[in-house]
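Asker: First the structure, then my questions, so here it is.
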Amino acid sequence: MRHGESRGNLDYSAYSTIPDHQIPLTDVGLAQAQDAGARLRHLISTASSTDSWRVHFYVSPYARAQSTLRELGRSFTKKRIIGVREECRIREQDFGNFQVEERMKAIKRTRERFGRFFYRFPEGESAADVFDRVSSFLESLWRDIDMNRLHHDPSHDLTLIIVSHGLTSQVFLMKWFKWTVEQFERLNNLGNCEFRVMELGDGGEYSLAIHHTEEEMHEWGLDAEMIADQKWRINAHRGALNGNCPWYLDAFFDHLDDSDDNEDSVDESPIDSSRL
């Protein structure tokens with residue numbers, strides 16, 4: 001989930017006097033977070049196979065993300081929450097220190113020409129830098145689950161909720177679903193308090209297509225092949241590779257023969273003993 005509306009979303013000049021990590025939510029942002037909490041609770045409670053469902057939160061250290069968590073948390077009781085962890089690796093992309101509005105407008109125009117993924121802000125980060133730390137977070141996340149560091153009762157349905165930022169959430173999905181840089185560049189940002197639901201399919205893979213519609217995914221910037229992959233994941237076995245994904249193989253080796261027939265015919269040609 002992306003945080004609620006912040007003062008910086010409403011007035012970009014706020015970044016020139018307030019450190020990015022201290023930018024607060026607006027009153028609208030607080031209300032958005034409360035509404036999102038109610039929607040999340042309804043979604044989780046109706047989707048759970050039992051009444052014994054639980055949630056665990058990961059939250060960015062930025063003030064706007066933590067305020068979002070506090071407000072959406074009002075929809076849950078302590079019984080339902082098994083843990084909360086502040087996670088620095090899911091913070092906002094670093095755009096530099098105090099940000100002068102006119103200078104940042106010029107910098108962002110340059111970023112659009114250069115490419116959003118690899119452009120590094122002066123004194124800040126590129127999306128590629130965010131990708132590296134999100135990758136590290138994902139490794140820790142899997143260890144938390146596999147080693148039961150969350151102290152989760154296996155009889156309880158568990159939902160992990162990550163309260164973060166727009167670009168960081170896009171990078172998280174890019175890493176998880178192995179999307180390419182070109183595919184990332186076409187993604188649209190999440191709205192304030194908008195969330196993406198990755199649900200576990202019958203075979204053990206997570207998919208966006210279980211909860212979300214094809215129209216929704218198209219609006220986010222997913223193309224037909226990416227949507228088809230999400231649908232495939234609904235029933236795919238954990239760790240399986242979708243051979244129909246062109247970005248796994250064909251994008252790099254579309255010129256190769258489909259079989260070894262030509263190679264075999266070469267191998268079976270007579271050997272010139274004079275060259276031995």
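By order in the structure tokens, chains are A, B, ...; within a chain, residues start at 1; ligands start at 1, following the order shown.
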Report the residues of region 18-263 of chain A whose backbone DSSP state falls under strand (DSSP E or B), written as number ranges by chain.

Answerer: A: 25, 53-59, 81-86, 157-164, 199-200, 204, 206-207, 237

Asker: Output N, CA, C and O atoms for every residue in the selection just made, as a compact mmCIF listing (two decimals), in the first residue's frame.

Answerer:
```txt
# COMPACT_ATOMS: atom_id res chain seq x y z
N LEU A 25 0.99 13.68 6.76
CA LEU A 25 -0.24 13.50 6.00
C LEU A 25 -1.12 14.74 6.13
O LEU A 25 -1.07 15.47 7.13
N TRP A 53 -7.94 -15.40 11.40
CA TRP A 53 -6.98 -14.73 10.52
C TRP A 53 -6.18 -13.70 11.32
O TRP A 53 -6.63 -13.18 12.33
N ARG A 54 -4.96 -13.45 10.84
CA ARG A 54 -4.07 -12.50 11.50
C ARG A 54 -3.36 -11.66 10.44
O ARG A 54 -3.29 -12.04 9.26
N VAL A 55 -2.81 -10.52 10.88
CA VAL A 55 -2.05 -9.65 9.98
C VAL A 55 -0.71 -9.30 10.62
O VAL A 55 -0.58 -9.27 11.85
N HIS A 56 0.27 -9.05 9.77
CA HIS A 56 1.58 -8.56 10.21
C HIS A 56 1.95 -7.40 9.29
O HIS A 56 1.81 -7.50 8.08
N PHE A 57 2.43 -6.29 9.88
CA PHE A 57 2.73 -5.09 9.11
C PHE A 57 4.24 -4.87 9.00
O PHE A 57 4.99 -5.06 9.96
N TYR A 58 4.65 -4.42 7.81
CA TYR A 58 5.97 -3.83 7.59
C TYR A 58 5.71 -2.39 7.16
O TYR A 58 4.85 -2.13 6.32
N VAL A 59 6.46 -1.44 7.73
CA VAL A 59 6.18 -0.04 7.45
C VAL A 59 7.47 0.74 7.24
O VAL A 59 8.49 0.51 7.91
N ILE A 81 -3.46 -8.54 15.15
CA ILE A 81 -2.13 -8.10 14.72
C ILE A 81 -1.05 -8.88 15.47
O ILE A 81 -0.92 -8.76 16.68
N ILE A 82 -0.27 -9.67 14.72
CA ILE A 82 0.78 -10.47 15.38
C ILE A 82 2.11 -9.74 15.40
O ILE A 82 3.05 -10.17 16.08
N GLY A 83 2.21 -8.62 14.69
CA GLY A 83 3.47 -7.89 14.72
C GLY A 83 3.51 -6.70 13.79
O GLY A 83 2.73 -6.61 12.83
N VAL A 84 4.41 -5.76 14.09
CA VAL A 84 4.68 -4.59 13.25
C VAL A 84 6.19 -4.39 13.23
O VAL A 84 6.84 -4.46 14.28
N ARG A 85 6.74 -4.16 12.05
CA ARG A 85 8.17 -3.94 11.96
C ARG A 85 8.46 -2.74 11.08
O ARG A 85 8.01 -2.67 9.94
N GLU A 86 9.21 -1.78 11.64
CA GLU A 86 9.71 -0.68 10.81
C GLU A 86 10.84 -1.22 9.95
O GLU A 86 11.77 -1.84 10.45
N ASP A 157 -4.84 -17.98 9.09
CA ASP A 157 -4.54 -17.35 7.80
C ASP A 157 -3.77 -16.06 8.07
O ASP A 157 -4.22 -15.22 8.87
N LEU A 158 -2.63 -15.89 7.42
CA LEU A 158 -1.79 -14.73 7.67
C LEU A 158 -1.71 -13.84 6.43
O LEU A 158 -1.44 -14.32 5.33
N THR A 159 -1.91 -12.55 6.63
CA THR A 159 -1.75 -11.55 5.58
C THR A 159 -0.64 -10.59 5.98
O THR A 159 -0.65 -10.05 7.09
N LEU A 160 0.33 -10.40 5.10
CA LEU A 160 1.39 -9.42 5.32
C LEU A 160 1.01 -8.13 4.61
O LEU A 160 0.68 -8.15 3.42
N ILE A 161 1.05 -7.02 5.32
CA ILE A 161 0.69 -5.72 4.77
C ILE A 161 1.92 -4.82 4.81
O ILE A 161 2.48 -4.58 5.88
N ILE A 162 2.33 -4.33 3.65
CA ILE A 162 3.52 -3.49 3.53
C ILE A 162 3.05 -2.06 3.23
O ILE A 162 2.45 -1.82 2.17
N VAL A 163 3.30 -1.14 4.15
CA VAL A 163 2.91 0.26 3.98
C VAL A 163 4.15 1.04 3.55
O VAL A 163 5.07 1.21 4.34
N SER A 164 4.15 1.48 2.31
CA SER A 164 5.37 2.04 1.74
C SER A 164 5.06 3.24 0.87
O SER A 164 4.22 4.07 1.22
N GLU A 199 -2.16 -12.52 -3.99
CA GLU A 199 -2.83 -13.61 -3.28
C GLU A 199 -2.22 -14.96 -3.68
O GLU A 199 -1.85 -15.16 -4.83
N LEU A 200 -2.12 -15.85 -2.71
CA LEU A 200 -1.52 -17.16 -2.94
C LEU A 200 -2.48 -18.05 -3.71
O LEU A 200 -3.62 -18.27 -3.31
N GLY A 204 0.74 -22.58 -5.17
CA GLY A 204 1.82 -22.06 -4.34
C GLY A 204 2.49 -20.81 -4.86
O GLY A 204 3.43 -20.30 -4.25
N TYR A 206 2.15 -16.67 -6.06
CA TYR A 206 1.34 -15.49 -5.80
C TYR A 206 0.95 -14.82 -7.11
O TYR A 206 1.73 -14.80 -8.06
N SER A 207 -0.25 -14.26 -7.14
CA SER A 207 -0.75 -13.62 -8.36
C SER A 207 -1.57 -12.38 -8.03
O SER A 207 -2.29 -12.34 -7.02
N HIS A 237 2.60 -24.05 -9.99
CA HIS A 237 3.28 -24.60 -8.82
C HIS A 237 4.44 -23.69 -8.42
O HIS A 237 5.08 -23.07 -9.27
```

Asker: As an MDAnalysis selection string, please: all residues of region 126-272 of chain A that backbone DSSP puts in helix (DSSP H, G or I).

Answerer: chainID A and resid 127:146 166:177 181:185 214:220 224:233 250:253 261:267

Asker: Got time to write the residues from that selection, C-alpha atoms, as a PDB file, in the first residue's frame?

Answerer:
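Saved to part.pdb:
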```
ATOM      1  CA  ALA A 127      15.107   3.425  -9.020  1.00  0.00           C
ATOM      2  CA  ALA A 128      17.876   0.894  -9.650  1.00  0.00           C
ATOM      3  CA  ASP A 129      19.305   1.747  -6.218  1.00  0.00           C
ATOM      4  CA  VAL A 130      15.853   1.212  -4.698  1.00  0.00           C
ATOM      5  CA  PHE A 131      15.689  -2.139  -6.518  1.00  0.00           C
ATOM      6  CA  ASP A 132      18.866  -3.279  -4.756  1.00  0.00           C
ATOM      7  CA  ARG A 133      17.613  -2.545  -1.252  1.00  0.00           C
ATOM      8  CA  VAL A 134      14.123  -3.920  -1.987  1.00  0.00           C
ATOM      9  CA  SER A 135      15.802  -7.122  -3.209  1.00  0.00           C
ATOM     10  CA  SER A 136      17.589  -7.365   0.131  1.00  0.00           C
ATOM     11  CA  PHE A 137      14.289  -6.794   1.956  1.00  0.00           C
ATOM     12  CA  LEU A 138      12.628  -9.594  -0.022  1.00  0.00           C
ATOM     13  CA  GLU A 139      15.347 -12.032   1.016  1.00  0.00           C
ATOM     14  CA  SER A 140      14.721 -11.115   4.667  1.00  0.00           C
ATOM     15  CA  LEU A 141      10.974 -11.402   4.144  1.00  0.00           C
ATOM     16  CA  TRP A 142      11.294 -14.969   2.886  1.00  0.00           C
ATOM     17  CA  ARG A 143      13.520 -15.871   5.838  1.00  0.00           C
ATOM     18  CA  ASP A 144      10.979 -14.351   8.224  1.00  0.00           C
ATOM     19  CA  ILE A 145       8.311 -16.616   6.731  1.00  0.00           C
ATOM     20  CA  ASP A 146      10.338 -19.812   6.294  1.00  0.00           C
ATOM     21  CA  GLY A 166       4.662   4.607  -4.824  1.00  0.00           C
ATOM     22  CA  LEU A 167       7.922   3.903  -6.620  1.00  0.00           C
ATOM     23  CA  THR A 168       9.106   1.494  -3.927  1.00  0.00           C
ATOM     24  CA  SER A 169       5.909  -0.538  -4.359  1.00  0.00           C
ATOM     25  CA  GLN A 170       6.406  -0.657  -8.136  1.00  0.00           C
ATOM     26  CA  VAL A 171       9.984  -1.849  -7.651  1.00  0.00           C
ATOM     27  CA  PHE A 172       8.796  -4.487  -5.169  1.00  0.00           C
ATOM     28  CA  LEU A 173       6.401  -5.910  -7.777  1.00  0.00           C
ATOM     29  CA  MET A 174       9.082  -5.675 -10.468  1.00  0.00           C
ATOM     30  CA  LYS A 175      11.477  -7.738  -8.370  1.00  0.00           C
ATOM     31  CA  TRP A 176       8.868 -10.282  -7.258  1.00  0.00           C
ATOM     32  CA  PHE A 177       7.431 -10.970 -10.707  1.00  0.00           C
ATOM     33  CA  VAL A 181      13.326  -2.474 -16.899  1.00  0.00           C
ATOM     34  CA  GLU A 182      11.279  -1.744 -20.021  1.00  0.00           C
ATOM     35  CA  GLN A 183       8.143  -3.096 -18.322  1.00  0.00           C
ATOM     36  CA  PHE A 184       8.873  -1.044 -15.203  1.00  0.00           C
ATOM     37  CA  GLU A 185       9.107   2.135 -17.280  1.00  0.00           C
ATOM     38  CA  GLU A 214      -7.741  -7.541 -16.097  1.00  0.00           C
ATOM     39  CA  GLU A 215      -9.004  -3.969 -16.550  1.00  0.00           C
ATOM     40  CA  GLU A 216      -7.370  -2.879 -13.285  1.00  0.00           C
ATOM     41  CA  MET A 217      -4.028  -4.415 -14.200  1.00  0.00           C
ATOM     42  CA  HIS A 218      -4.165  -2.785 -17.625  1.00  0.00           C
ATOM     43  CA  GLU A 219      -4.739   0.611 -15.966  1.00  0.00           C
ATOM     44  CA  TRP A 220      -1.622   0.039 -13.820  1.00  0.00           C
ATOM     45  CA  ALA A 224      -1.300  -8.278 -22.303  1.00  0.00           C
ATOM     46  CA  GLU A 225       1.689 -10.609 -21.796  1.00  0.00           C
ATOM     47  CA  MET A 226       2.197  -9.476 -18.182  1.00  0.00           C
ATOM     48  CA  ILE A 227      -1.512  -9.970 -17.457  1.00  0.00           C
ATOM     49  CA  ALA A 228      -1.401 -13.435 -19.044  1.00  0.00           C
ATOM     50  CA  ASP A 229       1.506 -14.300 -16.737  1.00  0.00           C
ATOM     51  CA  GLN A 230      -0.517 -13.197 -13.710  1.00  0.00           C
ATOM     52  CA  LYS A 231      -3.375 -15.456 -14.807  1.00  0.00           C
ATOM     53  CA  TRP A 232      -0.947 -18.361 -15.300  1.00  0.00           C
ATOM     54  CA  ARG A 233       0.339 -17.894 -11.748  1.00  0.00           C
ATOM     55  CA  ASP A 250      12.471 -15.052 -26.429  1.00  0.00           C
ATOM     56  CA  ALA A 251      13.381 -11.416 -25.847  1.00  0.00           C
ATOM     57  CA  PHE A 252      17.027 -12.444 -25.811  1.00  0.00           C
ATOM     58  CA  PHE A 253      17.133 -15.525 -28.060  1.00  0.00           C
ATOM     59  CA  ASP A 261      17.617 -31.050 -35.591  1.00  0.00           C
ATOM     60  CA  ASN A 262      19.974 -28.820 -37.585  1.00  0.00           C
ATOM     61  CA  GLU A 263      22.730 -29.256 -35.029  1.00  0.00           C
ATOM     62  CA  ASP A 264      22.366 -33.053 -35.138  1.00  0.00           C
ATOM     63  CA  SER A 265      22.717 -33.088 -38.933  1.00  0.00           C
ATOM     64  CA  VAL A 266      25.966 -31.155 -38.620  1.00  0.00           C
ATOM     65  CA  ASP A 267      27.285 -33.502 -35.934  1.00  0.00           C
TER      66      ASP A 267
END
```

Asker: What is the CA of Gly124 (chain A)-CA of Gln99 (chain A) distance in Å, reported with one decimal?

Answerer: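 CA of Gln99 (chain A) lies at a distance of 10.8 Å from CA of Gly124 (chain A).
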
Asker: Pick out the residues sitting within 12 Å of Glu71 (chain A), and hand them over as a list in words; count only C-alpha atoms, and ignore anything fewer than 2 positions along from it in its own chain.

Answerer: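 Near Glu71 (chain A), the qualifying residues are His3, Gly4, Leu25, Asp27, Val28, Gly29, Leu30, Ala31, Gln32, Ala33, Gln34, Asp35, Ala36, Gly37, Ala38, Arg64, Ala65, Gln66, Ser67, Thr68, Leu69, Gly73, Arg74, Ser75, Phe76, Val163 and Cys193 of chain A.
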
Asker: Find the residues near Phe95 (chain A): any atom within 9 Å, counting only C-alpha atoms, skip ones fewer than 4 places away on the same chain, and give them as a list in words.

Answerer: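 Returned residues: Asp20, Gln99, Met104, Arg120, Phe121, Pro122, Glu123, Gly124, Glu125 and Ser126 of chain A.
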
Asker: Would you mind reading off the distance between CA of Glu5 (chain A) and CA of Glu194 (chain A), one decimal, in Å?

Answerer: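 Answer for the CA of Glu5 (chain A) to CA of Glu194 (chain A) separation: 10.6 Å.
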